[in-house]
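Coordinates as given in coords_37.txt (compact mmCIF, C-alpha atoms):
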```
# COMPACT_ATOMS: atom_id res chain seq x y z
CA MET A 1 11.47 76.53 81.82
CA LYS A 2 10.06 75.68 85.23
CA ASP A 3 13.34 74.22 86.44
CA MET A 4 15.02 77.38 85.25
CA LEU A 5 12.68 79.51 87.34
CA VAL A 6 13.34 77.40 90.41
CA GLN A 7 17.11 77.41 89.97
CA VAL A 8 17.72 80.94 88.74
CA GLU A 9 15.23 83.08 90.62
CA PRO A 10 16.87 82.68 94.07
CA LEU A 11 20.18 83.86 92.59
CA ILE A 12 18.91 87.19 91.22
CA PRO A 13 19.60 89.17 94.42
CA ALA A 14 23.23 87.98 94.31
CA LEU A 15 23.50 88.95 90.65
CA ARG A 16 22.26 92.43 91.49
CA ARG A 17 24.69 92.70 94.36
CA ARG A 18 27.61 91.70 92.18
CA TYR A 19 27.93 95.01 90.39
CA ALA A 20 25.56 97.37 92.13
CA ARG A 21 27.43 100.11 93.97
CA VAL A 22 30.73 98.38 93.48
CA LEU A 23 31.48 98.74 89.82
CA MET A 24 28.62 100.48 88.15
CA ARG A 25 27.90 104.16 87.97
CA ASP A 26 24.39 103.77 89.23
CA ARG A 27 21.82 101.22 90.25
CA ALA A 28 19.84 101.51 87.05
CA ALA A 29 22.89 100.62 84.97
CA ALA A 30 23.64 97.67 87.26
CA ASP A 31 20.07 96.40 86.97
CA ASP A 32 20.16 96.80 83.18
CA LEU A 33 23.20 94.55 83.21
CA VAL A 34 21.41 91.95 85.35
CA GLN A 35 18.32 92.11 83.13
CA ASP A 36 20.49 91.53 80.07
CA CYS A 37 22.12 88.61 81.87
CA LEU A 38 18.75 87.05 82.75
CA GLU A 39 17.46 87.38 79.19
CA ARG A 40 20.53 85.58 77.93
CA ALA A 41 20.18 82.94 80.62
CA VAL A 42 16.56 82.30 79.57
CA SER A 43 17.50 81.97 75.91
CA ARG A 44 20.48 79.71 76.57
CA TRP A 45 19.08 77.61 79.37
CA HIS A 46 19.09 74.49 77.19
CA GLN A 47 22.67 75.09 76.07
CA ARG A 48 24.24 75.23 79.49
CA ARG A 49 26.46 72.36 80.49
CA ASP A 50 26.41 70.43 83.70
CA GLY A 51 27.80 72.23 86.67
CA SER A 52 26.84 75.06 88.91
CA VAL A 53 24.01 77.30 87.69
CA HIS A 54 25.43 79.90 90.06
CA ALA A 55 28.78 79.95 88.23
CA TRP A 56 27.08 79.84 84.82
CA LEU A 57 25.01 82.95 85.60
CA PHE A 58 28.01 84.82 86.98
CA THR A 59 29.97 83.95 83.84
CA ILE A 60 27.31 85.50 81.62
CA LEU A 61 27.13 88.54 83.88
CA HIS A 62 30.91 88.89 84.06
CA ASN A 63 31.33 88.76 80.29
CA LEU A 64 28.57 91.29 79.73
CA ALA A 65 30.14 93.60 82.28
CA ILE A 66 33.58 93.29 80.73
CA THR A 67 32.22 94.26 77.34
CA GLN A 68 30.44 97.21 78.86
CA PHE A 69 33.45 98.36 80.86
CA ARG A 70 35.66 98.14 77.79
CA GLN A 71 33.26 100.33 75.88
CA ALA A 72 33.13 102.77 78.79
CA THR A 73 36.93 102.83 78.98
CA VAL A 74 37.14 103.65 75.30
CA ARG A 75 34.86 106.60 75.96
CA GLY A 76 37.03 107.53 78.93
CA ARG A 77 34.19 107.48 81.41
CA HIS A 78 35.03 107.13 85.08
CA MET A 79 32.88 104.93 87.27
CA PRO A 80 32.95 105.97 90.88
CA ILE A 81 31.18 104.16 93.67
CA ASP A 82 27.52 104.93 93.78
CA ASP A 83 26.62 106.31 97.17
CA ALA A 84 22.91 106.33 96.67
CA GLY A 85 20.82 105.00 99.52
CA GLU A 86 22.35 107.20 102.20
CA GLN A 87 19.30 109.31 102.77
CA GLU A 88 17.70 107.45 105.66
CA LEU A 89 20.15 107.38 108.51
CA VAL A 90 18.34 105.74 111.35
CA SER A 91 20.62 106.03 114.36
CA ALA A 92 24.14 107.05 115.23
CA ALA A 93 25.22 103.43 115.45
CA ALA A 94 23.67 102.65 112.09
CA GLN A 95 25.28 105.76 110.69
CA GLU A 96 28.68 104.72 111.92
CA GLN A 97 28.23 101.23 110.53
CA ARG A 98 27.23 102.78 107.22
CA LEU A 99 30.38 104.88 107.20
CA ILE A 100 32.50 101.79 107.81
CA TYR A 101 30.75 100.03 104.96
CA ARG A 102 31.21 102.99 102.63
CA ASP A 103 34.84 103.09 103.60
CA VAL A 104 35.50 99.45 102.78
CA LEU A 105 33.66 99.77 99.47
CA SER A 106 35.67 102.83 98.46
CA LYS A 107 38.86 100.95 99.30
CA LEU A 108 37.66 97.97 97.36
CA ALA A 109 37.07 100.27 94.40
CA ARG A 110 40.77 101.11 94.38
CA LEU A 111 41.80 97.51 93.74
CA PRO A 112 42.56 96.47 90.16
CA GLU A 113 39.45 94.99 88.57
CA GLU A 114 40.89 91.47 88.33
CA GLN A 115 41.63 91.37 92.06
CA ARG A 116 38.31 92.93 92.98
CA ALA A 117 36.40 90.41 90.85
CA VAL A 118 38.03 87.43 92.56
CA LEU A 119 37.50 88.86 96.03
CA LEU A 120 33.80 89.54 95.43
CA LEU A 121 33.06 86.20 93.78
CA VAL A 122 34.77 84.25 96.53
CA ALA A 123 34.22 86.28 99.69
CA VAL A 124 30.78 87.78 98.99
CA GLU A 125 29.12 85.54 96.43
CA ASP A 126 30.42 82.30 98.00
CA LEU A 127 31.60 80.75 94.75
CA SER A 128 34.08 77.92 95.14
CA TYR A 129 37.60 78.65 93.90
CA ALA A 130 36.99 76.30 90.95
CA ASP A 131 33.76 78.07 90.01
CA ALA A 132 35.37 81.49 90.32
CA ALA A 133 38.11 80.26 87.97
CA LYS A 134 35.44 79.15 85.50
CA VAL A 135 33.63 82.49 85.67
CA LEU A 136 36.83 84.44 85.06
CA GLY A 137 38.26 82.02 82.53
CA VAL A 138 41.56 81.59 84.41
CA PRO A 139 43.23 78.64 86.18
CA VAL A 140 42.48 78.07 89.87
CA GLY A 141 46.10 78.95 90.69
CA THR A 142 45.53 82.40 89.21
CA VAL A 143 42.39 82.80 91.30
CA MET A 144 44.40 81.99 94.42
CA SER A 145 47.21 84.42 93.63
CA ARG A 146 44.76 87.19 92.75
CA LEU A 147 42.80 86.53 95.92
CA SER A 148 45.98 86.72 97.96
CA ARG A 149 47.06 89.98 96.31
CA ALA A 150 43.55 91.43 96.68
CA ARG A 151 43.45 90.71 100.39
CA GLU A 152 46.97 91.99 101.04
CA ARG A 153 46.30 95.15 99.12
CA LEU A 154 42.89 95.81 100.66
CA GLN A 155 44.47 95.35 104.08
CA GLN A 156 47.18 97.87 103.20
CA GLU A 157 44.46 100.32 102.21
CA MET A 158 42.60 99.67 105.44
CA ASP A 159 45.76 100.06 107.52
CA ALA A 160 46.85 103.09 105.52
CA VAL A 161 46.65 105.54 108.43
CA GLY A 162 50.26 104.88 109.49
CA PRO A 163 53.01 106.72 107.57
CA ARG A 164 54.84 103.49 106.77
CA ASN A 165 51.80 102.14 104.98
CA VAL A 166 51.26 105.37 103.10
CA VAL A 167 54.76 105.07 101.70
CA ALA A 168 54.16 101.46 100.80
CA LEU A 169 50.98 102.44 98.98
CA ARG A 170 52.67 105.20 97.04
CA SER A 171 55.33 102.84 95.85
CA LEU A 172 52.61 100.56 94.55
CA LYS A 173 51.08 103.20 92.31
CA MET B 1 49.39 66.73 113.05
CA SER B 2 49.82 65.80 109.38
CA GLN B 3 53.05 66.21 107.46
CA ARG B 4 51.54 68.51 104.87
CA PRO B 5 52.84 72.06 105.30
CA ILE B 6 50.33 74.89 105.66
CA THR B 7 50.21 76.99 102.48
CA GLU B 8 48.98 80.50 101.66
CA ASP B 9 46.07 78.82 99.84
CA ASP B 10 45.12 77.01 103.05
CA LEU B 11 44.96 80.33 104.89
CA HIS B 12 42.57 81.81 102.32
CA ALA B 13 40.48 78.66 102.23
CA TYR B 14 40.33 78.87 106.02
CA VAL B 15 38.97 82.42 105.79
CA ASP B 16 36.48 81.37 103.09
CA GLN B 17 35.41 78.30 105.08
CA ALA B 18 36.35 76.10 102.14
CA LEU B 19 38.48 73.54 103.98
CA GLU B 20 37.59 69.99 104.91
CA PRO B 21 37.04 69.74 108.69
CA GLU B 22 40.28 67.82 109.20
CA ARG B 23 42.44 70.31 107.34
CA ARG B 24 40.58 73.16 108.99
CA ALA B 25 41.60 71.81 112.39
CA GLU B 26 45.22 71.58 111.26
CA VAL B 27 45.22 75.19 110.08
CA ALA B 28 43.55 76.30 113.32
CA SER B 29 46.22 74.63 115.41
CA TYR B 30 48.95 76.17 113.20
CA LEU B 31 47.39 79.60 113.77
CA ASP B 32 47.41 79.01 117.51
CA GLN B 33 51.17 78.63 117.35
CA HIS B 34 51.78 81.53 114.94
CA PRO B 35 50.06 84.66 116.25
CA ASP B 36 51.45 86.92 113.50
CA VAL B 37 49.92 84.72 110.80
CA ALA B 38 46.77 84.47 112.90
CA ASN B 39 46.54 88.28 112.91
CA ARG B 40 46.73 88.41 109.13
CA VAL B 41 44.07 85.74 108.83
CA ALA B 42 41.88 87.64 111.28
CA ASP B 43 42.31 90.78 109.15
CA PHE B 44 41.22 88.86 106.06
CA ALA B 45 38.21 87.45 107.88
CA ASN B 46 37.32 90.95 109.03
CA GLN B 47 37.52 92.22 105.42
CA ARG B 48 35.23 89.45 104.39
CA GLU B 49 32.65 90.33 107.04
CA GLN B 50 32.78 94.03 106.17
CA LEU B 51 32.37 93.41 102.46
CA ARG B 52 29.45 91.07 103.04
CA GLY B 53 27.84 93.52 105.42
CA ALA B 54 28.36 96.47 103.08
CA LEU B 55 26.73 94.66 100.18
CA ALA B 56 24.06 92.70 102.07
CA SER B 57 21.44 95.42 101.87
CA ILE B 58 21.47 95.30 98.07
CA ALA B 59 20.60 91.63 98.01
CA ASP B 60 17.74 92.26 100.45
CA GLU B 61 16.05 94.93 98.36
CA PRO B 62 12.84 93.96 96.58
CA LEU B 63 13.44 93.15 92.93
CA PRO B 64 12.30 95.73 90.39
CA ALA B 65 9.68 94.55 87.87
CA GLU B 66 12.17 94.30 85.01
CA LEU B 67 14.11 91.65 86.93
CA ASN B 68 11.06 89.45 87.43
CA LEU B 69 12.17 86.21 85.83
CA SER B 70 8.63 85.03 85.05
CA HIS B 71 8.09 88.21 83.02
CA ILE B 72 11.35 87.70 81.17
CA ILE B 73 10.43 84.12 80.30
CA GLU B 74 6.93 85.19 79.22
CA SER B 75 8.18 87.98 76.99
CA ARG B 76 10.62 85.59 75.35
CA LYS B 77 7.82 83.22 74.45
CA ARG B 78 6.08 86.02 72.64
CA ARG B 79 9.11 86.84 70.53
CA PRO B 80 11.07 83.60 70.30
CA LEU B 81 13.30 84.74 67.45
CA ARG B 82 14.74 87.74 69.20
CA ALA B 83 17.81 85.92 70.48
CA TRP B 84 18.75 84.80 67.02
CA ARG B 85 18.63 88.37 65.80
CA ALA B 86 20.67 89.53 68.76
CA ILE B 87 23.29 86.86 68.11
CA ALA B 88 23.41 87.73 64.42
CA ALA B 89 23.78 91.41 65.27
CA MET B 90 26.60 90.69 67.69
CA LEU B 91 28.40 88.62 65.12
CA LEU B 92 28.08 91.43 62.60
CA LEU B 93 29.48 93.87 65.11
CA GLY B 94 32.32 91.48 65.85
CA ILE B 95 31.62 91.42 69.56
CA GLY B 96 33.13 88.21 70.84
CA GLY B 97 33.42 86.71 74.25
CA LEU B 98 29.92 87.58 75.43
CA GLY B 99 27.97 85.14 77.48
CA GLY B 100 30.67 82.81 78.64
CA TRP B 101 31.29 79.29 77.54
CA THR B 102 27.88 78.71 75.97
CA MET B 103 28.52 81.50 73.46
CA ARG B 104 31.79 80.07 72.30
CA SER B 105 30.30 77.63 69.84
CA VAL B 106 28.15 80.29 68.20
CA VAL B 107 30.96 82.80 67.93
CA GLN B 108 33.30 80.30 66.35
CA ASP B 109 30.67 79.63 63.72
CA SER B 110 30.58 83.18 62.49
CA SER B 111 33.15 82.52 59.80
CA ASN B 112 31.56 79.46 58.28
CA GLY B 113 27.92 80.45 58.14
CA LEU B 114 26.62 77.82 60.54
CA SER B 115 24.80 80.40 62.61
CA ALA B 116 23.16 81.87 59.49
CA LEU B 117 21.93 78.41 58.59
CA ALA B 118 20.60 77.79 62.10
CA ASN B 119 18.96 81.18 62.02
CA GLU B 120 17.15 80.30 58.79
CA ALA B 121 15.99 77.00 60.27
CA ALA B 122 14.57 78.77 63.33
CA TYR B 123 12.61 81.17 61.09
CA THR B 124 11.39 78.32 58.90
CA TYR B 125 10.27 76.37 61.95
CA GLY B 126 8.47 79.44 63.29
CA VAL B 127 6.55 79.89 60.02
CA TYR B 128 5.69 76.32 58.98
CA ALA B 129 5.69 74.10 62.08
CA PRO B 130 2.58 75.75 63.62
CA ASP B 131 0.74 75.54 60.25
CA ARG B 132 -2.11 73.02 60.56
CA VAL B 133 -3.43 73.43 57.02
CA ARG B 134 -0.48 73.20 54.66
CA PRO B 135 2.82 72.88 56.54
CA VAL B 136 4.42 71.14 53.55
CA GLU B 137 4.00 71.62 49.83
CA ILE B 138 4.72 68.07 48.68
CA ARG B 139 3.48 65.32 50.95
CA ALA B 140 5.43 62.25 51.99
CA SER B 141 3.27 60.08 49.72
CA ASP B 142 4.99 61.82 46.78
CA SER B 143 8.48 61.60 48.23
CA ALA B 144 10.06 60.55 44.92
CA GLU B 145 8.78 63.75 43.33
CA LEU B 146 9.94 65.73 46.40
CA THR B 147 13.47 64.31 46.16
CA GLN B 148 13.67 65.00 42.45
CA TRP B 149 12.44 68.57 42.75
CA ILE B 150 14.71 69.44 45.71
CA SER B 151 17.79 67.88 44.11
CA ASN B 152 17.15 69.85 40.90
CA ARG B 153 16.74 73.13 42.69
CA LEU B 154 19.74 72.64 45.00
CA LYS B 155 21.75 71.38 42.02
CA GLN B 156 22.97 68.32 43.88
CA PRO B 157 21.53 65.00 44.98
CA VAL B 158 19.66 65.36 48.25
CA LYS B 159 18.29 62.41 50.15
CA VAL B 160 15.28 62.85 52.41
CA PRO B 161 16.34 61.61 55.86
CA ASP B 162 14.32 58.69 57.24
CA LEU B 163 13.69 59.29 60.95
CA SER B 164 11.37 56.35 61.58
CA VAL B 165 13.95 54.73 63.90
CA SER B 166 13.61 57.80 66.12
CA GLY B 167 9.82 57.64 65.99
CA TYR B 168 9.31 60.49 63.52
CA ARG B 169 7.40 60.17 60.24
CA LEU B 170 8.10 62.30 57.20
CA MET B 171 5.18 64.68 56.60
CA GLY B 172 6.68 66.11 53.44
CA GLY B 173 8.73 69.08 52.37
CA ARG B 174 9.00 72.32 50.49
CA LEU B 175 11.52 74.72 49.07
CA VAL B 176 12.14 77.80 51.22
CA ALA B 177 13.85 81.06 50.33
CA THR B 178 16.91 82.17 52.31
CA SER B 179 19.27 85.06 51.79
CA HIS B 180 21.75 82.42 50.60
CA GLY B 181 19.45 80.95 47.94
CA PRO B 182 16.98 78.06 47.97
CA ALA B 183 16.92 75.60 50.87
CA ALA B 184 15.06 72.33 51.33
CA MET B 185 12.78 71.96 54.31
CA PHE B 186 11.65 68.51 55.45
CA MET B 187 9.08 68.23 58.21
CA TYR B 188 8.48 65.27 60.51
CA ASP B 189 6.06 64.50 63.30
CA ASP B 190 5.60 61.80 65.93
CA ASP B 191 2.53 60.20 67.47
CA ARG B 192 2.07 63.12 69.84
CA GLY B 193 2.15 65.66 67.01
CA ASP B 194 5.57 67.09 67.96
CA ARG B 195 7.13 68.47 64.80
CA LEU B 196 10.73 68.56 63.68
CA VAL B 197 12.18 70.52 60.80
CA VAL B 198 15.30 69.64 58.82
CA LEU B 199 16.66 72.45 56.68
CA THR B 200 19.45 71.88 54.19
CA ARG B 201 21.11 74.02 51.55
CA PRO B 202 24.45 74.36 49.77
CA MET B 203 26.92 76.60 51.60
CA SER B 204 28.95 79.28 49.85
CA SER B 205 31.95 77.01 49.43
CA ARG B 206 31.87 73.46 48.05
CA ASN B 207 34.48 71.96 50.32
CA GLN B 208 33.26 73.60 53.52
CA ASP B 209 32.89 71.45 56.64
CA ALA B 210 31.79 72.29 60.16
CA PRO B 211 31.27 70.02 63.15
CA MET B 212 27.82 69.59 64.63
CA MET B 213 27.00 72.45 66.98
CA PRO B 214 24.02 72.89 69.30
CA GLN B 215 21.87 75.92 68.56
CA SER B 216 18.91 77.30 70.45
CA SER B 217 16.48 80.15 70.51
CA GLY B 218 13.78 80.38 73.16
CA ASN B 219 11.88 77.12 72.99
CA VAL B 220 13.29 76.12 69.58
CA ALA B 221 16.53 74.18 69.83
CA GLY B 222 18.58 72.10 67.46
CA PHE B 223 21.86 71.25 65.79
CA ALA B 224 23.63 72.50 62.68
CA TRP B 225 26.61 71.15 60.75
CA ILE B 226 28.19 71.24 57.30
CA ASP B 227 29.34 68.21 55.30
CA ASP B 228 31.16 68.76 52.01
CA GLY B 229 29.64 72.16 51.42
CA LEU B 230 26.10 71.08 52.22
CA GLY B 231 24.67 72.64 55.39
CA TYR B 232 22.19 70.78 57.58
CA THR B 233 20.20 71.80 60.56
CA LEU B 234 17.62 70.03 62.69
CA VAL B 235 15.33 72.11 64.90
CA GLY B 236 12.38 71.36 67.15
CA GLN B 237 10.75 72.22 70.44
CA LEU B 238 12.54 69.46 72.29
CA PRO B 239 15.50 69.31 74.68
CA THR B 240 18.86 69.19 72.92
CA ASP B 241 19.56 65.80 74.50
CA THR B 242 16.56 64.39 72.65
CA LEU B 243 17.51 66.07 69.38
CA ARG B 244 21.19 65.08 69.40
CA PRO B 245 20.75 61.36 68.46
CA ILE B 246 18.27 62.36 65.75
CA ALA B 247 20.76 64.84 64.29
CA ASN B 248 23.43 62.14 64.40
CA GLU B 249 21.12 59.80 62.49
CA ILE B 250 20.48 62.44 59.80
CA ARG B 251 24.19 63.06 59.40
CA LYS B 252 24.89 59.33 59.14
CA GLN B 253 22.26 58.87 56.44
CA ALA B 254 23.37 61.94 54.44
CA ARG B 255 26.96 60.69 54.42
CA SER B 256 25.87 57.37 52.95
CA ILE B 257 24.40 58.89 49.78
```
Rewrite the coordinates I just gave you, this time as C-alpha cells.
Amino acid sequence: MKDMLVQVEPLIPALRRRYARVLMRDRAAADDLVQDCLERAVSRWHQRRDGSVHAWLFTILHNLAITQFRQATVRGRHMPIDDAGEQELVSAAAQEQRLIYRDVLSKLARLPEEQRAVLLLVAVEDLSYADAAKVLGVPVGTVMSRLSRARERLQQEMDAVGPRNVVALRSLK
Amino acid sequence: MSQRPITEDDLHAYVDQALEPERRAEVASYLDQHPDVANRVADFANQREQLRGALASIADEPLPAELNLSHIIESRKRRPLRAWRAIAAMLLLGIGGLGGWTMRSVVQDSSNGLSALANEAAYTYGVYAPDRVRPVEIRASDSAELTQWISNRLKQPVKVPDLSVSGYRLMGGRLVATSHGPAAMFMYDDDRGDRLVVLTRPMSSRNQDAPMMPQSSGNVAGFAWIDDGLGYTLVGQLPTDTLRPIANEIRKQARSI
C-alpha cells in the first residue's frame, strides 16, 4: 500500500479539479465523487494493470461520474457551474482575471459532455491522447475528432460577440 | 522539410506540446507560412491557458480530511470486506460499467456466480486464517479422513490440492457454510506463517465453466474459476502475481482427478 500512497497521493488535486466547478453542482458533491474514486482505487490497487496510474484513476473517476450524471439526468436535475469561491476579490486586476476565468468555464459548460471531457483530460489534466482514449473507452481517432470539435466550438463561443458567429451558433443548436 | 503533410492532429498535438521536437519544428515552420492557421492554433493555445488558469486554484486548495489517502487506506484495513459487499450490492442493482477496466472481470462474472464464490472465500479467510488455536477442523495428518468427509458432503470426489511445490504445506481443512450450501476449505501455510485458503464447492449448474479471474478485497486477493460445475477459489494476503502460479497449480491438479 505504500507504493499506492506515493503514486496516488500527488494526483488527488487533479482528481478534485476534474469535476469541481466544471460539472458538479457543488464542491461537496465533487469531493464525494473523488472520495468514492479513492476508496475504489485503494481496494483495487492490486488489480490494476500496467500503464499509467494517472489514466487508471481518471478512468475510475470518469465511470463513477457517468453513473452519477445518468442518475441525475433521469431525475431531470440541472447542473450549472458552481460559482462558489467568489467572495474574496482582492484587486481589480484579480477581479477581471476571475471574470475571464468564469467566462471560459461557463462557455466550456455549454459544450457537449463528450467534447468537454476530452478537452479537460488533454488540455488541463495533461493526459496523453492514448491515455485519454483509455479513460473514455474510445479509439484515439475519436479522441482527436472530439478534441478538434471541442476546440472549434469553444472558440465559436468565445468569438460569439459578432453577429455572424451568433448565427452560426444558433444553427448549431 | 519532411514530405509528411501537416494534419489537424499535428496542430492539436502542437498546442498540447505532445509532438516530438523534430515534428514540432516542422509544424512551427508550417505555421510561419500560414498565418490564418497560426491564428487558429494561437486561439486554441489561448483556450488551453485560460482553462488551466481557471481551474488551477482548485488543485492548489488544501485537501479536506475525507480525501486524505492515508485515512482511506487505514479505514479499509479496519473493514476489509466492505468492497466485496459493495461489489455484490452493485451487481444486485445491475449497475455495470463502474470503475473502468478493472471492474470488467467482476461484472462479467455476475451471471455465473464466480463473484459469490470469491466473496465466500474472502469471508472464510477473514474468519479462519487469523485463528491461531483451531483454524482447521481436520488436520493434515488425517488427510485421508478429510478427503473422504469433504467428498461425501459435496457429493463428488474432491482432491486436496498439494501446494508443496509452491512452498505451502497443507494445515488441514473444514466444511464451511455458504448461502449456496456446504463448501470445502483447505488451509495452507509456508515457513513464514503466511496462510492461504482454498475454497471449493459445487456451483448451481453441473456443466458450468468459468475462466480464472483475479479477485481482491483490501489486503485479501486471489483467483476464482469454475471447472465442470465445481467452483474453486484461492485467496491470501499476497500480491496477485504470487498467487497466480499457485492457482494455476491447483487447477492443474484438480483437472487430473
Nearest residue to A:Arg146 out of A:Glu113, A:Glu39, A:Asp3, A:Asp103, using all atoms listed in the file?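 Nearest candidate to A:Arg146 out of A:Glu113, A:Glu39, A:Asp3, A:Asp103: A:Glu113.
When atom CA of B:Gln17 is paired with atom CA of A:Leu147, their separation reads 14.4 Å.
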Please report the interatomic distance between atom CA of A:Leu38 and atom CA of B:Leu69 in Å with one decimal.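 These atoms are spaced 7.3 Å apart.
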Report as number ranges by chain all protein, DNA and RNA residues lying within 9 Å of stretch 50-62 of chain A, evaluated on all atoms listed in the file, omitting residues in the same chain fewer than 5 positions from it. A: 7-8, 11, 15, 18, 33-34, 36-38, 40-41, 67, 117, 121, 127-128, 131-132, 134-137; B: 98-102
May I have the residues at most 12 Å from (5.4, 76.6, 58.2) in the file's coordinates, counting only C-alpha atoms, as a compact mmCIF listing (two decimals) with C-alpha atoms, in the coordinates of the input?
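Printed below is part-v1.txt as written:
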```txt
# COMPACT_ATOMS: atom_id res chain seq x y z
CA ALA B 121 15.99 77.00 60.27
CA ALA B 122 14.57 78.77 63.33
CA TYR B 123 12.61 81.17 61.09
CA THR B 124 11.39 78.32 58.90
CA TYR B 125 10.27 76.37 61.95
CA GLY B 126 8.47 79.44 63.29
CA VAL B 127 6.55 79.89 60.02
CA TYR B 128 5.69 76.32 58.98
CA ALA B 129 5.69 74.10 62.08
CA PRO B 130 2.58 75.75 63.62
CA ASP B 131 0.74 75.54 60.25
CA ARG B 132 -2.11 73.02 60.56
CA VAL B 133 -3.43 73.43 57.02
CA ARG B 134 -0.48 73.20 54.66
CA PRO B 135 2.82 72.88 56.54
CA VAL B 136 4.42 71.14 53.55
CA GLU B 137 4.00 71.62 49.83
CA GLY B 172 6.68 66.11 53.44
CA GLY B 173 8.73 69.08 52.37
CA ARG B 174 9.00 72.32 50.49
CA LEU B 175 11.52 74.72 49.07
CA VAL B 176 12.14 77.80 51.22
CA MET B 185 12.78 71.96 54.31
CA PHE B 186 11.65 68.51 55.45
CA MET B 187 9.08 68.23 58.21
CA TYR B 188 8.48 65.27 60.51
CA ARG B 195 7.13 68.47 64.80
CA LEU B 196 10.73 68.56 63.68
CA VAL B 197 12.18 70.52 60.80
```
Taking all atoms listed in the file into account, which residues of chain B are within 8 Å of chain A, as an mmCIF file with C-alpha atoms, in the coordinates of the input?
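File written: result_35.cif
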```cif
data_model
loop_
_atom_site.group_PDB
_atom_site.id
_atom_site.type_symbol
_atom_site.label_atom_id
_atom_site.label_comp_id
_atom_site.auth_asym_id
_atom_site.auth_seq_id
_atom_site.Cartn_x
_atom_site.Cartn_y
_atom_site.Cartn_z
ATOM 1 C CA GLU B 8 48.980 80.500 101.660
ATOM 2 C CA ASP B 9 46.070 78.820 99.840
ATOM 3 C CA HIS B 12 42.570 81.810 102.320
ATOM 4 C CA ASP B 16 36.480 81.370 103.090
ATOM 5 C CA ALA B 18 36.350 76.100 102.140
ATOM 6 C CA ASP B 43 42.310 90.780 109.150
ATOM 7 C CA PHE B 44 41.220 88.860 106.060
ATOM 8 C CA GLN B 47 37.520 92.220 105.420
ATOM 9 C CA ARG B 48 35.230 89.450 104.390
ATOM 10 C CA GLN B 50 32.780 94.030 106.170
ATOM 11 C CA LEU B 51 32.370 93.410 102.460
ATOM 12 C CA ARG B 52 29.450 91.070 103.040
ATOM 13 C CA GLY B 53 27.840 93.520 105.420
ATOM 14 C CA ALA B 54 28.360 96.470 103.080
ATOM 15 C CA LEU B 55 26.730 94.660 100.180
ATOM 16 C CA ALA B 56 24.060 92.700 102.070
ATOM 17 C CA ILE B 58 21.470 95.300 98.070
ATOM 18 C CA ALA B 59 20.600 91.630 98.010
ATOM 19 C CA ASP B 60 17.740 92.260 100.450
ATOM 20 C CA GLU B 61 16.050 94.930 98.360
ATOM 21 C CA LEU B 63 13.440 93.150 92.930
ATOM 22 C CA GLU B 66 12.170 94.300 85.010
ATOM 23 C CA LEU B 67 14.110 91.650 86.930
ATOM 24 C CA LEU B 69 12.170 86.210 85.830
ATOM 25 C CA SER B 70 8.630 85.030 85.050
ATOM 26 C CA ILE B 72 11.350 87.700 81.170
ATOM 27 C CA ILE B 73 10.430 84.120 80.300
ATOM 28 C CA ARG B 76 10.620 85.590 75.350
ATOM 29 C CA ALA B 83 17.810 85.920 70.480
ATOM 30 C CA GLY B 97 33.420 86.710 74.250
ATOM 31 C CA LEU B 98 29.920 87.580 75.430
ATOM 32 C CA GLY B 99 27.970 85.140 77.480
ATOM 33 C CA GLY B 100 30.670 82.810 78.640
ATOM 34 C CA TRP B 101 31.290 79.290 77.540
ATOM 35 C CA THR B 102 27.880 78.710 75.970
ATOM 36 C CA PRO B 214 24.020 72.890 69.300
ATOM 37 C CA GLN B 215 21.870 75.920 68.560
ATOM 38 C CA SER B 216 18.910 77.300 70.450
ATOM 39 C CA SER B 217 16.480 80.150 70.510
ATOM 40 C CA GLY B 218 13.780 80.380 73.160
ATOM 41 C CA ASN B 219 11.880 77.120 72.990
ATOM 42 C CA ALA B 221 16.530 74.180 69.830
ATOM 43 C CA PRO B 239 15.500 69.310 74.680
ATOM 44 C CA THR B 240 18.860 69.190 72.920
#
```
Would you work out the distance separating atom CA of B:Thr233 from atom CA of B:Ala118, expressed in Å to one decimal?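 That distance, rounded to one decimal, is 6.2 Å.
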Which is closest to B:Leu11 among B:Val37, B:Leu230, B:Gln253, B:Ser143, if we use all atoms listed in the file?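 Going through B:Val37, B:Leu230, B:Gln253, B:Ser143 one by one, the smallest distance to B:Leu11 is for B:Val37.
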